[in-house]
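As stored in entry-v6.txt (compact mmCIF, C-alpha atoms and all ligand atoms):
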```txt
# COMPACT_ATOMS: atom_id res chain seq x y z
CA MET J 259 0.92 -20.25 20.86
CA ILE J 260 0.20 -20.55 17.14
CA GLU J 261 0.52 -23.90 15.29
CA GLY J 262 -0.67 -23.26 11.73
CA ASP J 263 -4.45 -22.71 11.88
CA ARG J 264 -4.48 -23.76 15.53
CA TYR J 265 -4.01 -21.52 18.55
CA VAL J 266 -3.13 -23.49 21.68
CA VAL J 267 -5.15 -22.41 24.74
CA THR J 268 -3.31 -23.28 27.95
CA ALA J 269 -5.11 -25.05 30.80
CA ALA J 270 -4.76 -21.89 32.93
CA ARG J 271 -6.51 -19.82 30.26
CA ARG J 272 -9.28 -22.40 29.85
CA ASP J 273 -9.81 -22.22 33.63
CA ALA J 274 -9.88 -18.40 33.50
CA PHE J 275 -12.54 -18.52 30.76
CA ARG J 276 -14.75 -20.77 32.91
CA ARG J 277 -14.19 -18.74 36.07
CA ASP J 278 -14.48 -15.21 34.65
CA GLY J 279 -16.63 -15.74 31.54
CA TRP J 280 -13.87 -14.26 29.39
CA VAL J 281 -10.14 -14.64 28.80
CA HIS J 282 -7.31 -12.64 27.20
CA LEU J 283 -5.36 -14.62 24.58
CA PRO J 284 -2.09 -13.02 23.47
CA GLY J 285 -0.89 -13.21 19.84
CA VAL J 286 -3.82 -14.94 18.13
CA VAL J 287 -2.66 -13.61 14.75
CA THR J 288 0.80 -12.45 13.67
CA GLU J 289 1.59 -8.89 12.58
CA GLU J 290 1.80 -10.03 8.94
CA GLU J 291 -1.58 -11.78 9.13
CA LEU J 292 -3.10 -8.75 10.83
CA CYS J 293 -1.86 -6.45 8.06
CA GLY J 294 -3.84 -8.52 5.54
CA LEU J 295 -7.01 -8.38 7.67
CA GLU J 296 -6.54 -4.65 8.25
CA ARG J 297 -6.37 -3.91 4.52
CA GLU J 298 -9.76 -5.56 3.97
CA PHE J 299 -11.18 -3.93 7.12
CA GLU J 300 -10.33 -0.51 5.68
CA ARG J 301 -12.15 -1.38 2.45
CA PHE J 302 -15.32 -2.06 4.47
CA LEU J 303 -14.94 1.25 6.34
CA ALA J 304 -14.36 3.17 3.10
CA ARG J 305 -17.50 1.48 1.69
CA GLU J 306 -15.50 0.05 -1.19
CA ILE J 307 -17.09 -3.21 -0.06
CA GLU J 308 -20.82 -2.65 0.05
CA VAL J 309 -22.74 -3.74 3.15
CA PRO J 310 -26.44 -3.00 2.72
CA GLY J 311 -29.05 -1.40 4.96
CA LYS J 312 -28.86 -1.71 8.73
CA ASP J 313 -25.95 -4.14 8.58
CA PHE J 314 -23.73 -1.05 8.21
CA CYS J 315 -24.76 1.09 11.16
CA ASP J 316 -23.83 3.06 14.26
CA MET J 317 -24.12 1.04 17.48
CA ALA J 318 -24.12 4.27 19.52
CA GLY J 319 -26.76 6.21 17.59
CA THR J 320 -30.04 5.76 15.79
CA TYR J 321 -30.28 4.13 12.35
CA ASP J 322 -30.98 7.51 10.75
CA ARG J 323 -27.95 9.36 12.18
CA PRO J 324 -25.76 10.75 9.35
CA ILE J 325 -22.68 8.63 8.74
CA GLU J 326 -20.26 11.51 9.51
CA GLU J 327 -21.59 11.49 13.08
CA TRP J 328 -21.28 7.77 13.77
CA ALA J 329 -19.46 6.93 17.01
CA VAL J 330 -19.29 3.09 16.87
CA VAL J 331 -19.23 1.85 13.28
CA ASN J 332 -20.66 -1.66 13.04
CA VAL J 333 -20.27 -3.89 9.99
CA MET J 334 -22.50 -6.89 10.51
CA LEU J 335 -21.75 -10.18 8.72
CA PRO J 336 -18.78 -9.04 6.60
CA GLY J 337 -18.32 -12.62 5.32
CA ARG J 338 -21.88 -12.71 4.00
CA TYR J 339 -21.34 -9.59 1.91
CA HIS J 340 -17.72 -10.22 0.91
CA PRO J 341 -17.01 -13.95 0.39
CA PRO J 342 -13.17 -13.51 0.34
CA TRP J 343 -13.43 -12.47 4.04
CA ARG J 344 -14.84 -15.89 4.95
CA ALA J 345 -12.64 -18.45 6.74
CA ASN J 346 -9.88 -15.87 7.20
CA VAL J 347 -6.94 -16.70 9.44
CA PHE J 348 -8.55 -15.16 12.54
CA GLU J 349 -11.75 -17.16 12.00
CA ARG J 350 -9.74 -20.37 11.54
CA ARG J 351 -7.73 -19.81 14.72
CA VAL J 352 -10.90 -19.07 16.69
CA ALA J 353 -12.49 -22.27 15.36
CA SER J 354 -9.63 -24.11 17.08
CA ILE J 355 -10.00 -22.01 20.25
CA ALA J 356 -13.75 -22.69 20.41
CA ALA J 357 -13.13 -26.44 20.04
CA GLN J 358 -10.62 -26.37 22.91
CA LEU J 359 -13.01 -24.42 25.15
CA HIS J 360 -16.22 -26.21 24.28
CA GLY J 361 -15.76 -29.28 22.03
CA ASP J 362 -15.68 -30.22 18.36
CA ASP J 363 -19.30 -29.33 17.52
CA MET J 364 -18.71 -25.55 17.64
CA ARG J 365 -19.55 -23.64 14.44
CA LEU J 366 -19.30 -20.05 13.21
CA ASP J 367 -22.51 -18.24 14.13
CA TYR J 368 -21.67 -14.69 12.96
CA ASP J 369 -18.87 -12.27 12.20
CA GLN J 370 -18.66 -8.51 12.68
CA LEU J 371 -16.31 -5.53 12.46
CA LEU J 372 -16.40 -2.69 14.99
CA ALA J 373 -14.58 0.63 14.69
CA LYS J 374 -14.61 3.68 16.94
CA PRO J 375 -13.46 6.94 15.36
CA PRO J 376 -10.92 9.07 17.28
CA GLY J 377 -11.93 11.54 19.95
CA ARG J 378 -15.52 10.43 20.51
CA GLU J 379 -16.86 10.76 24.01
CA ASP J 380 -20.03 9.04 22.83
CA GLY J 381 -18.09 6.12 21.30
CA VAL J 382 -19.44 3.86 24.01
CA PHE J 383 -20.55 0.27 23.51
CA HIS J 384 -23.10 0.01 26.28
CA TRP J 385 -23.07 -2.69 28.94
CA HIS J 386 -24.88 -5.84 27.84
CA GLN J 387 -24.94 -9.61 27.84
CA ASP J 388 -24.91 -11.00 24.29
CA GLN J 389 -27.65 -13.44 25.18
CA ALA J 390 -30.08 -10.52 25.50
CA TYR J 391 -29.66 -9.92 21.76
CA TRP J 392 -30.34 -13.52 20.77
CA PRO J 393 -33.24 -15.97 20.84
CA ARG J 394 -33.05 -18.32 23.79
CA THR J 395 -31.64 -21.71 22.84
CA ALA J 396 -31.02 -24.80 24.94
CA ASP J 397 -27.23 -24.99 24.61
CA PRO J 398 -25.40 -22.00 26.13
CA ARG J 399 -21.89 -22.82 24.87
CA THR J 400 -20.47 -19.74 23.19
CA ALA J 401 -17.01 -18.45 22.33
CA THR J 402 -17.07 -14.91 20.95
CA ALA J 403 -13.61 -13.69 20.00
CA TRP J 404 -12.69 -10.01 19.71
CA LEU J 405 -9.42 -9.26 17.90
CA ALA J 406 -7.54 -6.01 18.53
CA VAL J 407 -6.65 -4.48 15.17
CA ASP J 408 -5.29 -1.43 17.03
CA PRO J 409 -3.66 -1.61 20.45
CA SER J 410 -6.69 -1.51 22.71
CA THR J 411 -6.42 0.70 25.81
CA ARG J 412 -8.60 2.33 28.42
CA GLU J 413 -7.98 5.60 26.57
CA ASN J 414 -9.39 4.35 23.24
CA GLY J 415 -12.24 2.30 24.71
CA CYS J 416 -11.01 -1.26 25.18
CA MET J 417 -13.39 -4.05 26.11
CA ARG J 418 -14.40 -4.19 29.77
CA PHE J 419 -16.03 -7.07 31.63
CA VAL J 420 -17.79 -7.84 34.90
CA SER J 421 -15.87 -11.05 35.59
CA GLY J 422 -18.01 -13.93 36.83
CA SER J 423 -21.31 -12.28 35.84
CA HIS J 424 -21.98 -15.19 33.44
CA ARG J 425 -22.68 -17.27 36.56
CA GLU J 426 -25.53 -15.03 37.80
CA ALA J 427 -28.80 -16.98 38.06
CA SER J 428 -30.69 -14.82 35.59
CA LEU J 429 -29.98 -12.45 32.76
CA ARG J 430 -29.97 -8.78 33.82
CA PRO J 431 -32.80 -6.64 32.44
CA HIS J 432 -31.93 -4.91 29.15
CA ARG J 433 -33.63 -1.89 27.61
CA PRO J 434 -33.31 -0.45 24.09
CA LEU J 435 -30.85 2.49 24.09
CA HIS J 436 -33.01 4.69 21.85
CA GLY J 437 -36.54 3.65 22.70
CA ASP J 438 -37.18 0.67 20.42
CA ARG J 439 -35.37 -1.85 18.21
CA GLU J 440 -36.60 -0.24 14.99
CA THR J 441 -34.79 3.00 15.86
CA SER J 442 -31.55 1.39 16.99
CA HIS J 443 -30.31 -2.15 17.55
CA THR J 444 -28.56 -1.36 20.82
CA LEU J 445 -29.61 -2.73 24.22
CA VAL J 446 -28.33 -1.56 27.61
CA ALA J 447 -28.05 -3.38 30.95
CA ASP J 448 -27.41 -1.65 34.26
CA VAL J 449 -23.98 -2.05 35.79
CA ASP J 450 -23.30 -0.50 39.18
CA GLU J 451 -19.56 0.04 39.43
CA SER J 452 -19.75 0.33 43.24
CA ARG J 453 -20.90 -3.31 43.35
CA ASP J 454 -19.86 -4.88 40.04
CA VAL J 455 -16.11 -5.33 39.71
CA VAL J 456 -15.07 -4.12 36.26
CA THR J 457 -11.91 -5.39 34.54
CA TYR J 458 -10.47 -3.55 31.53
CA ALA J 459 -8.99 -5.77 28.80
CA GLU J 460 -6.07 -3.78 27.42
CA LEU J 461 -4.72 -5.70 24.40
CA ALA J 462 -1.78 -5.49 22.04
CA ARG J 463 -2.46 -5.55 18.32
CA GLY J 464 -3.12 -9.20 17.36
CA ASP J 465 -4.29 -10.21 20.86
CA ALA J 466 -7.89 -11.29 21.39
CA THR J 467 -10.41 -11.75 24.15
CA VAL J 468 -12.90 -14.62 24.08
CA HIS J 469 -16.16 -14.27 26.00
CA ASP J 470 -19.24 -16.20 27.02
CA GLU J 471 -22.78 -15.22 25.94
CA ARG J 472 -23.75 -14.39 29.56
CA VAL J 473 -20.84 -12.23 30.75
CA LEU J 474 -21.58 -8.51 31.13
CA HIS J 475 -19.34 -6.47 28.87
CA GLY J 476 -19.06 -3.29 26.83
CA SER J 477 -16.51 -0.55 26.24
CA GLY J 478 -15.97 3.12 27.06
CA PRO J 479 -15.38 6.21 24.89
CA ASN J 480 -12.51 6.64 22.46
CA ARG J 481 -10.57 9.60 23.89
CA SER J 482 -7.46 8.90 21.80
CA SER J 483 -6.37 10.45 18.51
CA GLY J 484 -6.61 7.14 16.60
CA TRP J 485 -9.27 4.61 15.62
CA ARG J 486 -10.08 1.61 17.80
CA ARG J 487 -10.85 -1.26 15.41
CA ALA J 488 -11.78 -4.87 16.17
CA CYS J 489 -12.80 -8.03 14.29
CA VAL J 490 -15.33 -10.29 15.99
CA VAL J 491 -16.30 -13.92 15.32
CA ALA J 492 -18.77 -15.87 17.44
CA PHE J 493 -18.82 -19.67 17.63
CA ARG J 494 -21.76 -21.57 19.10
CA SER J 495 -22.80 -25.22 18.92
CA ALA J 496 -23.95 -26.62 15.58
CA ALA J 497 -27.35 -27.37 17.18
CA THR J 498 -27.74 -23.77 18.41
CA VAL J 499 -26.79 -22.27 15.05
CA ALA J 500 -29.24 -24.63 13.30
CA ARG J 501 -32.02 -23.66 15.76
CA GLU J 502 -31.39 -19.94 15.20
CA ARG J 503 -31.60 -20.33 11.43
CA GLU J 504 -34.81 -22.36 11.84
CA LEU J 505 -36.22 -19.34 13.71
CA GLY J 506 -35.09 -17.10 10.85
CA PHE J 507 -32.43 -15.47 13.03
CA THR J 508 -29.11 -14.78 11.28
CA HIS J 509 -27.67 -11.88 13.38
CA SER J 510 -28.38 -9.56 10.44
CA HIS J 511 -30.10 -6.32 11.46
CA GLU J 512 -32.05 -6.86 8.25
CA ASP J 513 -33.85 -9.91 9.71
CA ALA J 514 -37.64 -9.71 9.55
CA PRO J 515 -39.26 -7.72 12.41
CA GLU J 516 -41.16 -10.74 13.70
CA VAL J 517 -37.80 -12.44 14.23
CA LYS J 518 -36.38 -9.39 16.00
CA ASP J 519 -39.38 -9.40 18.34
CA ARG J 520 -38.27 -12.77 19.65
CA VAL J 521 -34.85 -11.44 20.65
CA GLY J 522 -34.39 -11.11 24.38
CA GLU J 523 -37.58 -13.03 25.22
O1 LIG J 601 -16.28 -3.61 20.47
C1 LIG J 601 -16.87 -3.35 21.52
O2 LIG J 601 -16.59 -2.36 22.16
C2 LIG J 601 -17.93 -4.29 22.05
C3 LIG J 601 -18.04 -5.58 21.31
C4 LIG J 601 -19.02 -6.55 21.89
O3 LIG J 601 -19.81 -6.23 22.72
C5 LIG J 601 -19.04 -7.93 21.42
O4 LIG J 601 -18.26 -8.28 20.51
O5 LIG J 601 -19.82 -8.74 21.96
```

Would you mind writing the file's structure down as structure tokens?
Amino acid sequence: MIEGDRYVVTAARRDAFRRDGWVHLPGVVTEEELCGLEREFERFLAREIEVPGKDFCDMAGTYDRPIEEWAVVNVMLPGRYHPPWRANVFERRVASIAAQLHGDDMRLDYDQLLAKPPGREDGVFHWHQDQAYWPRTADPRTATAWLAVDPSTRENGCMRFVSGSHREASLRPHRPLHGDRETSHTLVADVDESRDVVTYAELARGDATVHDERVLHGSGPNRSSGWRRACVVAFRSAATVARERELGFTHSHEDAPEVKDRVGE
């Protein structure tokens, strides 16, 4: 339920988040609010809003793949490059969600836009745990929200999760998808669907999922005739965000290589 900038998370949904490592929240933004976000989203995709270097990239291919062939378009840190995007209605609602899940010291760590073009068998976001991408920090509290800009279905490559995997004792091994992190940012973890129970998060436009840094997740190909677009914001504790910045880690793919080398240690 929406109350101004606040989205009320029921006790049952808070419990689901703790148990499964993710939760589906219906109606986080209204249709009217989503139309405003969508207009700006399209300006990023059309490159009317400039996002430099590797922060505009393909999460399925290598950094040098021609743009016409991209299968998972990734806009990293849209708010950094386009100040009017900052503190948008989705971000404000998720700030309230993060506080309800984890407490009042949660802060925005990064934002991101993800878009899969129609009819792409390779439009796969490979299985991973977000923590593998980040430097290790003492406080694990994380609320990463993923907003469906298009109805999100199994056909167009909705998010999928291995529920409860955030409670495994150690992080699963991750390997770079294309050899090394200079060629592509993407990491892959092994998921064995005969053992790991996979849940598909089909969402209506305006719904969101919120996930923990340790839960295994990803998404399959886009076999539909339309785009599958999503806005992401990640909230972590103020202390964690401060520690990351101290390490020079901003979630930009443009961060210095010595910082990248620390990721996934
Ligand atoms: O959009 C997707 O398919 C994956 C997004 C994701 O992995 C994330 O937001 O952590």

Practice prompt. Kindly compile the residues surrounding ligand LIG 601 (chain J) within 7 Å, counting all atoms listed in the file, and format them as a PyMOL selection string.
Written response: chain J and resi 372+383+388+402+404+415-417+475-477+488+490

Discussion item. Show me, as a list in words, the residues that have an atom within 8 Å of Tyr458 of chain J when counting only C-alpha atoms, minus same-chain residues fewer than 2 positions from it.
Written reply: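 The filter keeps Arg412, Cys416, Met417, Arg418, Phe419, Val456 and Glu460 of chain J.
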
Fill in: Minimum-distance residue to Leu335 of chain J, chosen among J:Pro310, J:Gly319, J:Gly437, J:Pro376 (using all atoms listed in the file)
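Among J:Pro310, J:Gly319, J:Gly437, J:Pro376, it is J:Pro310 that comes nearest to Leu335 of chain J.
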
Worksheet item: Could you work out how far atom CA of Ala390 of chain J lies from atom CA of Val281 of chain J, giving the answer in Å with one decimal?
Response: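 Pair atom CA of Val281 of chain J / atom CA of Ala390 of chain J returns 20.6 Å.
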
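Here the question is which of J:Ser442, J:Thr400, J:Thr467, J:Ser510 gets nearest to Leu359 of chain J using all atoms listed in the file, and that residue is J:Thr400.
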
Show me, as a JSON list (two decimals) with C-alpha atoms, in the frame of the given file, the residues that have an atom within 8 Å of Trp328 of chain J when counting all atoms listed in the file, minus same-chain residues fewer than 3 positions from it.
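Okay, this is what ended up in part-v1.json:
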```json
[["chain", "number", "residue", "atom", "x", "y", "z"],
["J", 315, "CYS", "CA", -24.76, 1.09, 11.16],
["J", 316, "ASP", "CA", -23.83, 3.06, 14.26],
["J", 318, "ALA", "CA", -24.12, 4.27, 19.52],
["J", 319, "GLY", "CA", -26.76, 6.21, 17.59],
["J", 323, "ARG", "CA", -27.95, 9.36, 12.18],
["J", 324, "PRO", "CA", -25.76, 10.75, 9.35],
["J", 325, "ILE", "CA", -22.68, 8.63, 8.74],
["J", 331, "VAL", "CA", -19.23, 1.85, 13.28]]
```

Discussion item. Under the rule that only C-alpha atoms are counted, which of J:Ser354, J:Glu298, J:Val499, J:His511 is the nearest residue to His443 of chain J?
Written reply: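 Using only C-alpha atoms, the shortest distance to His443 of chain J belongs to J:His511.
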
Item to complete: Identify, on the basis of only C-alpha atoms, every residue whose closest approach to Val352 of chain J does not exceed 9 Å; exclude the query and any residue fewer than 5 positions from it along the same chain; express the result as a ChimeraX atom specification.
Response: /J:263-265,286,347,357,401-403,468,491-493

Take the residues just selected and output them with C-alpha atoms as a compact mmCIF listing (two decimals), in the coordinates of the input.
```
# COMPACT_ATOMS: atom_id res chain seq x y z
CA ASP J 263 -4.45 -22.71 11.88
CA ARG J 264 -4.48 -23.76 15.53
CA TYR J 265 -4.01 -21.52 18.55
CA VAL J 286 -3.82 -14.94 18.13
CA VAL J 347 -6.94 -16.70 9.44
CA ALA J 357 -13.13 -26.44 20.04
CA ALA J 401 -17.01 -18.45 22.33
CA THR J 402 -17.07 -14.91 20.95
CA ALA J 403 -13.61 -13.69 20.00
CA VAL J 468 -12.90 -14.62 24.08
CA VAL J 491 -16.30 -13.92 15.32
CA ALA J 492 -18.77 -15.87 17.44
CA PHE J 493 -18.82 -19.67 17.63
```

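Atom CA of Pro409 of chain J lies 20.4 Å from atom CA of His384 of chain J.
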